[in-house]
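**Q** Next up, upload.txt (compact mmCIF, C-alpha atoms).
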```
# COMPACT_ATOMS: atom_id res chain seq x y z
CA MET A 1 -79.34 -46.88 -25.17
CA ILE A 2 -82.34 -47.23 -27.52
CA ALA A 3 -83.90 -49.70 -25.09
CA TYR A 4 -83.41 -47.23 -22.25
CA ILE A 5 -85.02 -44.32 -24.12
CA LEU A 6 -87.89 -46.57 -25.20
CA GLY A 7 -88.41 -47.57 -21.56
CA LEU A 8 -88.89 -43.92 -20.61
CA ALA A 9 -91.17 -43.28 -23.58
CA ASP A 10 -93.23 -46.42 -22.99
CA ASP A 11 -93.75 -45.53 -19.31
CA ALA A 12 -95.19 -42.17 -20.38
CA LEU A 13 -97.31 -43.54 -23.24
CA ILE A 14 -98.84 -46.42 -21.30
CA LEU A 15 -99.70 -44.29 -18.28
CA ALA A 16 -101.23 -41.69 -20.61
CA GLN A 17 -103.39 -44.45 -22.12
CA ARG A 18 -104.52 -45.59 -18.66
CA LEU A 19 -105.38 -42.02 -17.63
CA GLY A 20 -107.32 -41.57 -20.86
CA GLU A 21 -109.60 -44.42 -19.76
CA TRP A 22 -110.88 -42.11 -17.00
CA VAL A 23 -112.28 -39.56 -19.46
CA SER A 24 -116.02 -39.17 -18.77
CA ARG A 25 -115.75 -41.58 -15.81
CA ALA A 26 -113.90 -39.62 -13.12
CA PRO A 27 -115.68 -38.92 -9.80
CA GLU A 28 -116.14 -35.24 -10.69
CA LEU A 29 -115.75 -33.00 -13.72
CA GLU A 30 -112.65 -31.21 -12.39
CA GLU A 31 -110.93 -34.56 -11.89
CA ASP A 32 -111.93 -35.75 -15.34
CA ILE A 33 -110.15 -32.71 -16.77
CA ALA A 34 -107.17 -33.11 -14.45
CA LEU A 35 -106.51 -36.76 -15.30
CA ALA A 36 -106.93 -36.06 -19.03
CA ASN A 37 -104.50 -33.15 -18.88
CA ILE A 38 -101.93 -35.15 -16.93
CA GLY A 39 -102.28 -37.85 -19.58
CA LEU A 40 -101.77 -35.23 -22.27
CA ASP A 41 -98.53 -34.05 -20.65
CA LEU A 42 -97.32 -37.66 -20.56
CA LEU A 43 -98.31 -38.22 -24.17
CA GLY A 44 -96.30 -35.15 -25.19
CA GLN A 45 -93.30 -36.45 -23.24
CA ALA A 46 -93.65 -39.84 -24.92
CA ARG A 47 -93.69 -38.22 -28.37
CA GLY A 48 -90.50 -36.29 -27.64
CA LEU A 49 -88.80 -39.42 -26.37
CA TYR A 50 -89.91 -41.61 -29.31
CA SER A 51 -88.67 -38.99 -31.77
CA TYR A 52 -85.35 -38.93 -29.97
CA ALA A 53 -85.15 -42.74 -29.90
CA GLY A 54 -85.81 -42.75 -33.65
CA ALA A 55 -83.06 -40.19 -34.26
CA VAL A 56 -80.54 -42.10 -32.13
CA GLU A 57 -81.45 -45.40 -33.80
CA GLY A 58 -81.14 -43.85 -37.26
CA ALA A 59 -83.23 -46.56 -38.95
CA GLY A 60 -86.09 -44.30 -40.02
CA ARG A 61 -88.53 -45.31 -37.30
CA ALA A 62 -90.84 -42.50 -36.17
CA GLU A 63 -93.18 -41.97 -33.19
CA ASP A 64 -96.05 -43.93 -34.70
CA ASP A 65 -93.84 -46.90 -35.57
CA PHE A 66 -92.81 -47.22 -31.94
CA ALA A 67 -96.27 -46.64 -30.49
CA TYR A 68 -98.43 -48.60 -32.93
CA LEU A 69 -96.28 -51.21 -34.60
CA ARG A 70 -94.41 -52.93 -31.81
CA GLU A 71 -95.76 -56.01 -30.11
CA GLU A 72 -96.28 -56.66 -26.45
CA ARG A 73 -92.85 -58.16 -25.80
CA GLU A 74 -91.13 -55.18 -27.42
CA PHE A 75 -92.55 -52.66 -24.95
CA ARG A 76 -90.13 -51.71 -22.16
CA ASN A 77 -92.45 -49.94 -19.73
CA CYS A 78 -92.43 -50.80 -16.06
CA LEU A 79 -95.31 -52.94 -14.83
CA LEU A 80 -96.59 -50.22 -12.50
CA VAL A 81 -97.93 -47.99 -15.28
CA GLU A 82 -99.88 -50.78 -16.98
CA GLN A 83 -101.80 -51.75 -13.83
CA PRO A 84 -105.57 -51.27 -14.24
CA ASN A 85 -107.14 -48.04 -13.01
CA GLY A 86 -109.17 -49.84 -10.34
CA ASP A 87 -111.13 -47.38 -8.25
CA PHE A 88 -110.11 -43.73 -7.89
CA ALA A 89 -107.91 -44.51 -4.87
CA ASP A 90 -105.99 -47.15 -6.86
CA THR A 91 -105.38 -44.60 -9.60
CA ILE A 92 -104.25 -41.96 -7.12
CA ALA A 93 -101.89 -44.47 -5.46
CA ARG A 94 -100.39 -45.24 -8.88
CA GLN A 95 -100.09 -41.51 -9.65
CA VAL A 96 -98.38 -40.58 -6.40
CA LEU A 97 -95.89 -43.44 -6.53
CA PHE A 98 -95.06 -43.03 -10.20
CA SER A 99 -95.04 -39.21 -10.44
CA ALA A 100 -92.69 -38.91 -7.46
CA TYR A 101 -90.33 -41.40 -9.18
CA GLN A 102 -90.62 -39.67 -12.56
CA PHE A 103 -89.90 -36.31 -10.93
CA GLU A 104 -86.57 -37.57 -9.49
CA LEU A 105 -85.72 -39.28 -12.77
CA TYR A 106 -86.35 -36.22 -14.93
CA GLN A 107 -84.46 -33.99 -12.47
CA ALA A 108 -81.44 -36.23 -12.85
CA LEU A 109 -81.75 -36.54 -16.64
CA ALA A 110 -82.18 -32.76 -17.03
CA ALA A 111 -78.79 -32.32 -15.37
CA GLY A 112 -77.23 -35.24 -17.25
CA ALA A 113 -74.77 -35.42 -20.14
CA ASP A 114 -77.21 -36.65 -22.80
CA ALA A 115 -78.51 -33.46 -24.46
CA GLY A 116 -81.49 -35.14 -26.11
CA LEU A 117 -82.80 -36.62 -22.87
CA ALA A 118 -81.95 -33.44 -20.95
CA ALA A 119 -84.12 -31.36 -23.33
CA VAL A 120 -87.20 -33.55 -22.86
CA ALA A 121 -86.60 -33.92 -19.12
CA ALA A 122 -85.99 -30.23 -18.34
CA LYS A 123 -89.34 -29.42 -19.87
CA ALA A 124 -91.21 -32.39 -18.43
CA VAL A 125 -89.96 -32.01 -14.87
CA LYS A 126 -92.01 -28.82 -14.46
CA GLU A 127 -95.13 -30.65 -15.57
CA VAL A 128 -94.43 -33.65 -13.37
CA ALA A 129 -93.89 -31.48 -10.27
CA TYR A 130 -97.52 -30.43 -10.71
CA HIS A 131 -98.60 -34.07 -11.18
CA VAL A 132 -96.96 -35.02 -7.87
CA ASP A 133 -98.61 -32.14 -6.09
CA HIS A 134 -102.01 -33.01 -7.54
CA ALA A 135 -101.80 -36.71 -6.65
CA ALA A 136 -100.39 -35.99 -3.20
CA GLY A 137 -103.28 -33.61 -2.53
CA TRP A 138 -105.77 -36.36 -3.30
CA ALA A 139 -103.87 -39.02 -1.33
CA ILE A 140 -103.98 -36.71 1.70
CA ARG A 141 -107.67 -35.86 1.26
CA LEU A 142 -108.63 -39.51 0.90
CA GLY A 143 -106.21 -40.93 3.47
CA ASP A 144 -107.07 -38.30 6.08
CA GLY A 145 -110.75 -38.30 5.11
CA THR A 146 -113.54 -40.66 6.14
CA ASP A 147 -113.06 -44.23 7.36
CA GLU A 148 -114.19 -45.46 3.95
CA SER A 149 -111.84 -43.20 1.95
CA HIS A 150 -108.95 -44.03 4.28
CA THR A 151 -109.53 -47.77 3.92
CA ARG A 152 -109.68 -47.55 0.14
CA MET A 153 -106.64 -45.28 -0.18
CA GLN A 154 -104.61 -47.68 1.98
CA ARG A 155 -105.86 -50.61 -0.09
CA GLY A 156 -104.87 -48.84 -3.31
CA LEU A 157 -101.42 -48.20 -1.93
CA ASP A 158 -101.03 -51.84 -0.83
CA ARG A 159 -102.04 -53.02 -4.31
CA ILE A 160 -99.65 -50.82 -6.25
CA TRP A 161 -96.69 -50.86 -3.86
CA PRO A 162 -95.19 -54.22 -4.99
CA PHE A 163 -94.61 -52.72 -8.46
CA THR A 164 -92.46 -49.87 -7.16
CA ALA A 165 -89.44 -52.15 -6.64
CA GLU A 166 -88.95 -52.48 -10.40
CA LEU A 167 -88.56 -48.69 -10.78
CA PHE A 168 -85.24 -48.84 -8.97
CA ASP A 169 -83.83 -52.01 -10.54
CA PRO A 170 -80.64 -51.62 -12.60
CA VAL A 171 -81.14 -50.97 -16.34
CA PRO A 172 -78.35 -51.57 -18.89
CA ALA A 173 -76.84 -48.36 -20.33
CA ALA A 174 -78.91 -46.15 -18.01
CA PRO A 175 -77.30 -42.70 -17.82
CA VAL A 176 -78.91 -42.32 -14.38
CA ASP A 177 -78.59 -45.09 -11.77
CA PRO A 178 -82.20 -45.97 -10.88
CA ALA A 179 -81.24 -47.04 -7.35
CA GLY A 180 -79.85 -43.55 -6.74
CA LEU A 181 -83.32 -42.07 -7.20
CA ARG A 182 -84.78 -44.06 -4.34
CA PRO A 183 -83.79 -41.98 -1.27
CA ASN A 184 -85.44 -38.76 -2.49
CA TRP A 185 -88.45 -40.69 -3.76
CA ALA A 186 -88.87 -42.37 -0.39
CA THR A 187 -88.63 -39.01 1.39
CA THR A 188 -91.43 -37.55 -0.74
CA ILE A 189 -93.63 -40.62 -0.32
CA ASP A 190 -93.09 -40.77 3.45
CA LEU A 191 -94.03 -37.11 3.70
CA VAL A 192 -97.27 -37.74 1.82
CA LEU A 193 -98.09 -40.89 3.79
CA ALA A 194 -97.55 -39.09 7.11
CA GLN A 195 -99.90 -36.25 6.16
CA ALA A 196 -102.38 -38.75 4.75
CA THR A 197 -102.28 -40.88 7.94
CA LEU A 198 -101.44 -43.87 5.74
CA THR A 199 -99.03 -46.70 6.47
CA ARG A 200 -96.10 -47.59 4.21
CA PRO A 201 -97.07 -51.05 2.93
CA ASP A 202 -95.06 -54.01 4.15
CA VAL A 203 -95.66 -56.30 1.18
CA PRO A 204 -93.26 -58.36 -0.95
CA ALA A 205 -91.96 -56.83 -4.18
CA HIS A 206 -93.24 -58.04 -7.53
CA PRO A 207 -90.35 -59.61 -9.48
CA GLY A 208 -90.74 -57.13 -12.35
CA GLY A 209 -89.76 -57.88 -15.94
CA GLY A 210 -91.35 -54.98 -17.80
CA ARG A 211 -88.01 -53.55 -18.90
CA ASP A 212 -87.35 -56.90 -20.62
CA GLY A 213 -90.77 -57.03 -22.25
CA ARG A 214 -92.37 -59.47 -19.78
CA HIS A 215 -95.66 -57.83 -18.89
CA THR A 216 -98.62 -58.55 -16.64
CA GLU A 217 -101.80 -60.08 -18.04
CA HIS A 218 -103.44 -56.64 -18.30
CA PHE A 219 -101.03 -55.31 -20.89
CA GLY A 220 -102.21 -57.13 -23.98
CA TYR A 221 -105.73 -55.73 -23.60
CA LEU A 222 -104.40 -52.20 -23.17
CA LEU A 223 -102.19 -52.50 -26.24
CA ALA A 224 -105.00 -53.95 -28.35
CA GLU A 225 -107.11 -50.88 -27.66
CA LEU A 226 -104.22 -48.48 -28.15
CA GLN A 227 -103.14 -49.98 -31.48
CA TYR A 228 -106.46 -51.11 -32.93
CA LEU A 229 -107.21 -48.15 -35.17
CA HIS A 230 -103.73 -47.91 -36.61
CA ARG A 231 -103.61 -51.62 -37.36
CA VAL A 232 -107.03 -51.61 -39.05
CA HIS A 233 -106.19 -48.45 -41.00
CA PRO A 234 -102.42 -48.66 -41.56
CA GLY A 235 -100.78 -45.25 -41.76
CA ALA A 236 -103.91 -43.42 -40.56
CA THR A 237 -103.28 -39.84 -39.43
CA TRP A 238 -105.58 -37.09 -38.19
CA MET B 1 -86.09 1.63 -43.45
CA THR B 2 -89.78 2.19 -42.84
CA ALA B 3 -91.81 -0.54 -41.22
CA ALA B 4 -94.08 -2.37 -43.62
CA GLY B 5 -97.69 -2.80 -42.60
CA PRO B 6 -99.59 -6.05 -42.99
CA GLY B 7 -99.83 -7.06 -46.61
CA GLU B 8 -97.12 -4.62 -47.67
CA LEU B 9 -94.22 -6.92 -46.91
CA ALA B 10 -92.02 -7.41 -49.93
CA VAL B 11 -91.17 -10.96 -51.04
CA GLY B 12 -87.88 -11.90 -49.42
CA GLY B 13 -88.33 -9.16 -46.79
CA GLY B 14 -85.67 -8.69 -44.14
CA ARG B 15 -85.37 -10.89 -41.11
CA ALA B 16 -86.84 -8.33 -38.71
CA GLU B 17 -89.88 -7.89 -40.94
CA LEU B 18 -90.29 -11.65 -41.24
CA ARG B 19 -90.07 -12.02 -37.50
CA GLU B 20 -92.71 -9.36 -37.01
CA LEU B 21 -94.96 -11.01 -39.58
CA VAL B 22 -94.64 -14.48 -38.03
CA GLY B 23 -94.82 -13.05 -34.51
CA ARG B 24 -98.31 -11.70 -35.21
CA VAL B 25 -99.74 -15.22 -35.64
CA PRO B 26 -102.32 -15.61 -32.85
CA ASP B 27 -102.31 -18.47 -30.38
CA PRO B 28 -105.21 -20.70 -31.48
CA GLU B 29 -106.46 -21.31 -27.95
CA ILE B 30 -105.99 -17.79 -26.54
CA PRO B 31 -106.38 -15.66 -29.68
CA VAL B 32 -105.70 -12.36 -27.88
CA LEU B 33 -102.10 -13.51 -27.51
CA THR B 34 -99.65 -13.68 -30.40
CA ILE B 35 -97.01 -16.37 -30.49
CA ALA B 36 -94.43 -13.61 -29.95
CA ASP B 37 -96.28 -12.45 -26.80
CA LEU B 38 -96.40 -16.02 -25.57
CA GLY B 39 -92.65 -16.57 -26.02
CA VAL B 40 -93.28 -19.57 -28.27
CA LEU B 41 -91.54 -18.00 -31.28
CA ARG B 42 -87.82 -18.54 -30.80
CA ASP B 43 -86.25 -17.60 -34.12
CA VAL B 44 -86.90 -16.64 -37.72
CA ALA B 45 -84.03 -17.13 -40.16
CA VAL B 46 -83.40 -17.53 -43.87
CA ASP B 47 -81.32 -20.52 -44.94
CA ASP B 48 -78.72 -20.84 -47.75
CA ARG B 49 -81.42 -21.60 -50.32
CA GLY B 50 -83.39 -18.49 -49.36
CA CYS B 51 -86.09 -20.43 -47.53
CA VAL B 52 -87.54 -19.11 -44.30
CA VAL B 53 -86.90 -21.32 -41.25
CA VAL B 54 -89.05 -20.58 -38.20
CA THR B 55 -88.18 -22.09 -34.82
CA ILE B 56 -90.86 -22.51 -32.18
CA THR B 57 -91.03 -24.23 -28.79
CA PRO B 58 -94.08 -25.80 -27.13
CA THR B 59 -95.48 -24.41 -23.90
CA TYR B 60 -96.29 -27.85 -22.45
CA SER B 61 -94.92 -31.15 -23.84
CA GLY B 62 -98.39 -32.22 -24.95
CA CYS B 63 -99.71 -28.84 -26.09
CA PRO B 64 -102.24 -29.72 -28.83
CA ALA B 65 -102.05 -26.20 -30.32
CA MET B 66 -98.61 -26.79 -31.83
CA ASP B 67 -99.88 -28.35 -35.05
CA ALA B 68 -102.27 -25.44 -35.60
CA ILE B 69 -99.53 -22.89 -34.87
CA ARG B 70 -97.22 -24.63 -37.34
CA ALA B 71 -99.91 -24.59 -40.04
CA ASP B 72 -100.77 -20.93 -39.35
CA ILE B 73 -97.13 -19.87 -39.63
CA LYS B 74 -96.75 -21.67 -42.95
CA ALA B 75 -99.99 -20.16 -44.24
CA VAL B 76 -99.05 -16.58 -43.39
CA LEU B 77 -95.59 -16.98 -44.91
CA ALA B 78 -97.03 -18.56 -48.06
CA GLU B 79 -99.42 -15.58 -48.39
CA HIS B 80 -96.42 -13.28 -48.27
CA GLY B 81 -94.39 -15.04 -50.91
CA HIS B 82 -92.61 -17.71 -48.90
CA PRO B 83 -94.24 -21.01 -49.89
CA ASP B 84 -91.12 -23.03 -48.98
CA ALA B 85 -90.95 -22.01 -45.33
CA THR B 86 -90.24 -24.70 -42.76
CA VAL B 87 -91.16 -24.70 -39.09
CA ARG B 88 -88.97 -26.61 -36.68
CA THR B 89 -89.69 -27.33 -33.03
CA VAL B 90 -87.10 -27.23 -30.28
CA LEU B 91 -87.51 -28.30 -26.65
CA ALA B 92 -84.47 -26.63 -25.08
CA PRO B 93 -84.32 -24.24 -23.38
CA ALA B 94 -87.61 -25.23 -21.78
CA TRP B 95 -90.38 -22.66 -22.19
CA SER B 96 -91.32 -20.67 -19.13
CA THR B 97 -94.26 -18.37 -18.38
CA ASP B 98 -91.56 -15.78 -17.56
CA TRP B 99 -91.19 -15.42 -21.35
CA ILE B 100 -94.70 -14.00 -21.76
CA THR B 101 -94.22 -10.32 -22.64
CA PRO B 102 -95.70 -7.42 -20.62
CA ALA B 103 -98.05 -6.78 -23.57
CA GLY B 104 -99.07 -10.45 -23.45
CA ARG B 105 -99.77 -10.27 -19.72
CA ALA B 106 -101.91 -7.18 -20.18
CA ALA B 107 -103.82 -8.88 -23.01
CA LEU B 108 -104.45 -11.94 -20.82
CA ALA B 109 -105.84 -9.85 -17.95
CA GLU B 110 -108.00 -7.85 -20.34
CA TYR B 111 -109.33 -11.13 -21.78
CA GLY B 112 -110.27 -12.35 -18.28
CA ILE B 113 -107.35 -14.72 -17.63
CA ALA B 114 -105.21 -13.96 -14.58
CA PRO B 115 -101.62 -13.74 -15.85
CA PRO B 116 -98.91 -15.92 -14.26
CA GLY B 117 -96.77 -14.59 -11.45
CA PRO B 118 -92.99 -14.96 -11.67
CA ARG B 119 -91.71 -18.54 -11.69
CA PRO B 120 -90.02 -19.40 -8.37
CA PRO B 121 -86.25 -19.04 -8.85
CA GLY B 122 -83.93 -22.03 -8.68
CA PRO B 123 -84.55 -25.67 -9.54
CA VAL B 124 -88.04 -27.12 -9.82
CA VAL B 125 -89.22 -28.46 -6.47
CA VAL B 126 -92.19 -30.42 -5.23
CA GLN B 127 -93.88 -28.95 -2.19
CA ILE B 128 -96.50 -31.23 -0.74
CA GLY B 129 -99.60 -29.47 0.47
CA ARG B 130 -98.24 -26.02 -0.36
CA SER B 131 -100.58 -23.07 -0.13
CA ASN B 132 -101.24 -21.47 -3.46
CA ALA B 133 -99.89 -17.99 -4.04
CA THR B 134 -102.54 -15.29 -4.18
CA VAL B 135 -104.17 -15.01 -7.58
CA ARG B 136 -105.91 -11.68 -8.19
CA CYS B 137 -109.26 -11.67 -9.96
CA PRO B 138 -108.68 -10.29 -13.48
CA ARG B 139 -112.13 -8.68 -13.47
CA CYS B 140 -112.31 -6.79 -10.17
CA GLY B 141 -108.71 -7.06 -8.91
CA SER B 142 -109.71 -8.68 -5.61
CA PRO B 143 -107.10 -10.94 -3.96
CA ASP B 144 -109.95 -12.87 -2.27
CA THR B 145 -110.07 -15.81 -4.69
CA ARG B 146 -109.88 -19.57 -4.39
CA GLN B 147 -108.81 -22.35 -6.72
CA THR B 148 -111.75 -24.49 -7.83
CA SER B 149 -109.90 -26.83 -10.20
CA ARG B 150 -106.24 -27.72 -10.61
CA PHE B 151 -106.68 -27.68 -14.38
CA GLY B 152 -108.75 -25.26 -16.44
CA SER B 153 -109.79 -25.10 -20.07
CA THR B 154 -106.25 -26.09 -21.15
CA ALA B 155 -103.27 -27.78 -19.46
CA CYS B 156 -101.57 -24.41 -18.92
CA LYS B 157 -104.39 -22.96 -16.81
CA SER B 158 -106.17 -23.59 -13.50
CA LEU B 159 -109.71 -22.52 -12.61
CA HIS B 160 -110.50 -20.06 -9.83
CA THR B 161 -113.49 -18.23 -8.37
CA CYS B 162 -113.52 -14.69 -7.02
CA ALA B 163 -115.20 -14.27 -3.62
CA SER B 164 -115.71 -10.53 -4.22
CA CYS B 165 -117.37 -10.39 -7.65
CA LEU B 166 -118.30 -14.11 -7.65
CA GLU B 167 -117.01 -14.62 -11.20
CA PRO B 168 -115.08 -17.75 -12.15
CA PHE B 169 -111.86 -17.18 -14.09
CA ASP B 170 -108.86 -18.99 -15.56
CA HIS B 171 -105.34 -18.46 -14.26
CA PHE B 172 -102.22 -19.05 -16.34
CA LYS B 173 -100.05 -21.25 -14.09
CA ALA B 174 -96.45 -20.11 -13.56
CA ILE B 175 -93.98 -22.74 -14.78
```
Now that the file is in, can you turn its structure into structure tokens?

**A**
Amino acid sequence: MIAYILGLADDALILAQRLGEWVSRAPELEEDIALANIGLDLLGQARGLYSYAGAVEGAGRAEDDFAYLREEREFRNCLLVEQPNGDFADTIARQVLFSAYQFELYQALAAGADAGLAAVAAKAVKEVAYHVDHAAGWAIRLGDGTDESHTRMQRGLDRIWPFTAELFDPVPAAPVDPAGLRPNWATTIDLVLAQATLTRPDVPAHPGGGRDGRHTEHFGYLLAELQYLHRVHPGATW
Amino acid sequence: MTAAGPGELAVGGGRAELRELVGRVPDPEIPVLTIADLGVLRDVAVDDRGCVVVTITPTYSGCPAMDAIRADIKAVLAEHGHPDATVRTVLAPAWSTDWITPAGRAALAEYGIAPPGPRPPGPVVVQIGRSNATVRCPRCGSPDTRQTSRFGSTACKSLHTCASCLEPFDHFKAI
């Protein structure tokens, strides 16, 4: 169960870190603020989940211990969230695909038997509904935009798509069956793709491994940046 | 019992007085709102040892104002003879803009922030490409406004512009 909760928390933390990389670099000021705020929501969700994981574990580990003092192989996030930002279309592809999954997941957890997860999820699902709407809006604008924006949005989708398979793989002790989230997720995505005049990619799935701590080559760099300050100044707070 | 004014609260004052005292703490990001107006203050109690225990809930999961609110609550209680007060945070039930009081809504509009409309009833849904509900300009009241940014000065707000008086304004999003 700890591993499952950490998987949820790590997904949120790592995507928040990726979105933070956009600060001061987004195509326009409004989008800079949007991506930072979405990252902030995810960071808040991660904190709630790490606190809960610490309470369930009962070994005295707190949020910072989980975020800053675990090594690469101990992180349980899916590979999708650690993929590099790429261009804006790559980021939007990642946001649409992940937010739509996270929305279904939190809906299910909010209605589930685990009170700790339900509390975090019932709150977060309202935030994530807005994330889906925001990303879908951009996917539609880019996909149904110019030839150039359409080409790049489709390319972003093709790049990220192989990592979606892992989202629905079975996870031990999961209170929600990941495979059961797929039909509603697919409905949302198909709706967006149709409006965006994009094609559902026909590409082979990546084998995954993130839930077991086997990450892509990008992850070590991300973690080094995320953990650097805390490791140089142990116990630093601000 | 007569209501005590600010600074007149006796040490170990009753629960209602404590709640009123704590409820007057302003939101650090929208200082015209109190935490009671905002619906963030959930409970004020006194435990077995006589210590005040305040329960608050965040608006958004990542709301960065929570630390400041916690510190402000402790400071005001310490000033009024309760140095041992604790502040605990709960997530459930999830905060909703429906909890903002009528006084809070009026204060928001007066401050230039369009207050949230009612949250849609029923479960949270995703509507792709939905049209935004009409947001009235808090300055001139015109319904002829458009959204210019999905997020405003904080995560809980979006940015709009009024086509009648041409002023930009923040809108508190209904969640």

**Q** For chain A, report every residue with an atom at most 6 Å from chain B (counting all atoms listed in the file), formatted as a ChimeraX atom specification.

**A** /A:30,34,37,40-41,44-45,119,123,129,133

**Q** Produce a file of the selected residues containing C-alpha atoms, as an mmCIF file, in the coordinates of the input.

**A**
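The resulting part19.cif:
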```cif
data_model
loop_
_atom_site.group_PDB
_atom_site.id
_atom_site.type_symbol
_atom_site.label_atom_id
_atom_site.label_comp_id
_atom_site.auth_asym_id
_atom_site.auth_seq_id
_atom_site.Cartn_x
_atom_site.Cartn_y
_atom_site.Cartn_z
ATOM 1 C CA GLU A 30 -112.650 -31.210 -12.390
ATOM 2 C CA ALA A 34 -107.170 -33.110 -14.450
ATOM 3 C CA ASN A 37 -104.500 -33.150 -18.880
ATOM 4 C CA LEU A 40 -101.770 -35.230 -22.270
ATOM 5 C CA ASP A 41 -98.530 -34.050 -20.650
ATOM 6 C CA GLY A 44 -96.300 -35.150 -25.190
ATOM 7 C CA GLN A 45 -93.300 -36.450 -23.240
ATOM 8 C CA ALA A 119 -84.120 -31.360 -23.330
ATOM 9 C CA LYS A 123 -89.340 -29.420 -19.870
ATOM 10 C CA ALA A 129 -93.890 -31.480 -10.270
ATOM 11 C CA ASP A 133 -98.610 -32.140 -6.090
#
```

**Q** For the atom pair atom CA of A:Gln83 and atom CA of A:Leu157, what is the interatomic distance in Å to one decimal place?

**A**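 Atom CA of A:Gln83 sits 12.4 Å away from atom CA of A:Leu157.
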
**Q** Atom CA of A:Glu63 to atom CA of A:Ala224: how many Å, to one decimal?

**A**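 One can read the atom CA of A:Glu63 to atom CA of A:Ala224 distance as 17.5 Å.
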
**Q** Find the residues around A:Gln154 up to 9 Å (only C-alpha atoms counted), leave out those fewer than 3 positions away in its own chain, and share them as a list in words.

**A**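 Contacts, with the query itself left out: Ala89, Asp90, Ala93, Gly143, Ser149, His150, Thr151, Leu157, Asp158, Arg159, Leu198, Thr199, Arg200 and Pro201 of chain A.
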
**Q** Would you pick out the contacts of stretch 77-80 of chain A at 8 Å or less, using all atoms listed in the file, so that residues sharing its chain but fewer than 5 positions from it are not included, and give the list as a count of residues only?

**A** 21

**Q** Go through B:Asp144, B:Glu167, B:Asp27, B:Glu17 one by one, measure the shortest atom-to-atom distance of each to B:Ala45 using only C-alpha atoms, and give the residue with the smallest value.

**A** B:Glu17

**Q** Using all atoms listed in the file, which of A:Pro172, A:Glu21, A:Glu217, A:Leu42 sits nearest A:Ala121?

**A**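 Answer, going by the shortest atom-to-atom distance: A:Leu42.
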
**Q** In Å, with one decimal, what is the gap from atom CA of A:Val171 to atom CA of A:Met1?

**A**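 So the two atoms, atom CA of A:Val171 and atom CA of A:Met1, lie 9.9 Å apart.
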
**Q** List the spatial neighbours of A:Ile38 as an MDAnalysis selection string - criterion: any atom at most 9 Å away, all atoms listed in the file, same-chain residues fewer than 4 positions off excluded.

**A** (chainID A and resid 16 19 33:34 42:43 127:128 130:131) or (chainID B and resid 155)

**Q** Could you give me the centre and size, in Å to one decimal, of an axis-aligned box around all listed atoms of stretch 196-200 of chain A with 5 Å added on every side, as AutoDock Vina command-line options?

**A**
```
--center_x -99.2 --center_y -43.2 --center_z 6.1 --size_x 16.3 --size_y 18.8 --size_z 13.7
```

**Q** Using all atoms listed in the file, can you tell me which of A:Ala139, A:Val120, A:Val23, A:Leu13 comes closest to B:Thr57?

**A**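 Of A:Ala139, A:Val120, A:Val23, A:Leu13, the one nearest B:Thr57 is A:Val120, counting all atoms listed in the file.
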
**Q** Will you model N, CA and C atoms for stretch 165-175 of chain A and pass it back as an mmCIF file, keeping the file's coordinate frame?

**A**
```cif
data_model
loop_
_atom_site.group_PDB
_atom_site.id
_atom_site.type_symbol
_atom_site.label_atom_id
_atom_site.label_comp_id
_atom_site.auth_asym_id
_atom_site.auth_seq_id
_atom_site.Cartn_x
_atom_site.Cartn_y
_atom_site.Cartn_z
ATOM 1 N N ALA A 165 -90.810 -51.626 -6.729
ATOM 2 C CA ALA A 165 -89.440 -52.150 -6.640
ATOM 3 C C ALA A 165 -88.761 -52.099 -8.011
ATOM 4 N N GLU A 166 -89.525 -52.427 -9.054
ATOM 5 C CA GLU A 166 -88.950 -52.480 -10.400
ATOM 6 C C GLU A 166 -88.398 -51.128 -10.857
ATOM 7 N N LEU A 167 -88.993 -50.029 -10.350
ATOM 8 C CA LEU A 167 -88.560 -48.690 -10.780
ATOM 9 C C LEU A 167 -87.085 -48.456 -10.473
ATOM 10 N N PHE A 168 -86.592 -49.120 -9.434
ATOM 11 C CA PHE A 168 -85.240 -48.840 -8.970
ATOM 12 C C PHE A 168 -84.258 -49.966 -9.302
ATOM 13 N N ASP A 169 -84.716 -50.932 -10.099
ATOM 14 C CA ASP A 169 -83.830 -52.010 -10.540
ATOM 15 C C ASP A 169 -82.834 -51.479 -11.562
ATOM 16 N N PRO A 170 -81.624 -52.077 -11.624
ATOM 17 C CA PRO A 170 -80.640 -51.620 -12.600
ATOM 18 C C PRO A 170 -81.125 -51.822 -14.042
ATOM 19 N N VAL A 171 -80.795 -50.871 -14.918
ATOM 20 C CA VAL A 171 -81.140 -50.970 -16.340
ATOM 21 C C VAL A 171 -79.845 -50.799 -17.127
ATOM 22 N N PRO A 172 -79.578 -51.703 -18.102
ATOM 23 C CA PRO A 172 -78.350 -51.570 -18.890
ATOM 24 C C PRO A 172 -78.286 -50.214 -19.591
ATOM 25 N N ALA A 173 -77.109 -49.614 -19.617
ATOM 26 C CA ALA A 173 -76.840 -48.360 -20.330
ATOM 27 C C ALA A 173 -77.594 -47.158 -19.782
ATOM 28 N N ALA A 174 -78.173 -47.287 -18.578
ATOM 29 C CA ALA A 174 -78.910 -46.150 -18.010
ATOM 30 C C ALA A 174 -77.937 -45.023 -17.665
ATOM 31 N N PRO A 175 -78.200 -43.813 -18.165
ATOM 32 C CA PRO A 175 -77.300 -42.700 -17.820
ATOM 33 C C PRO A 175 -77.525 -42.217 -16.385
#
```
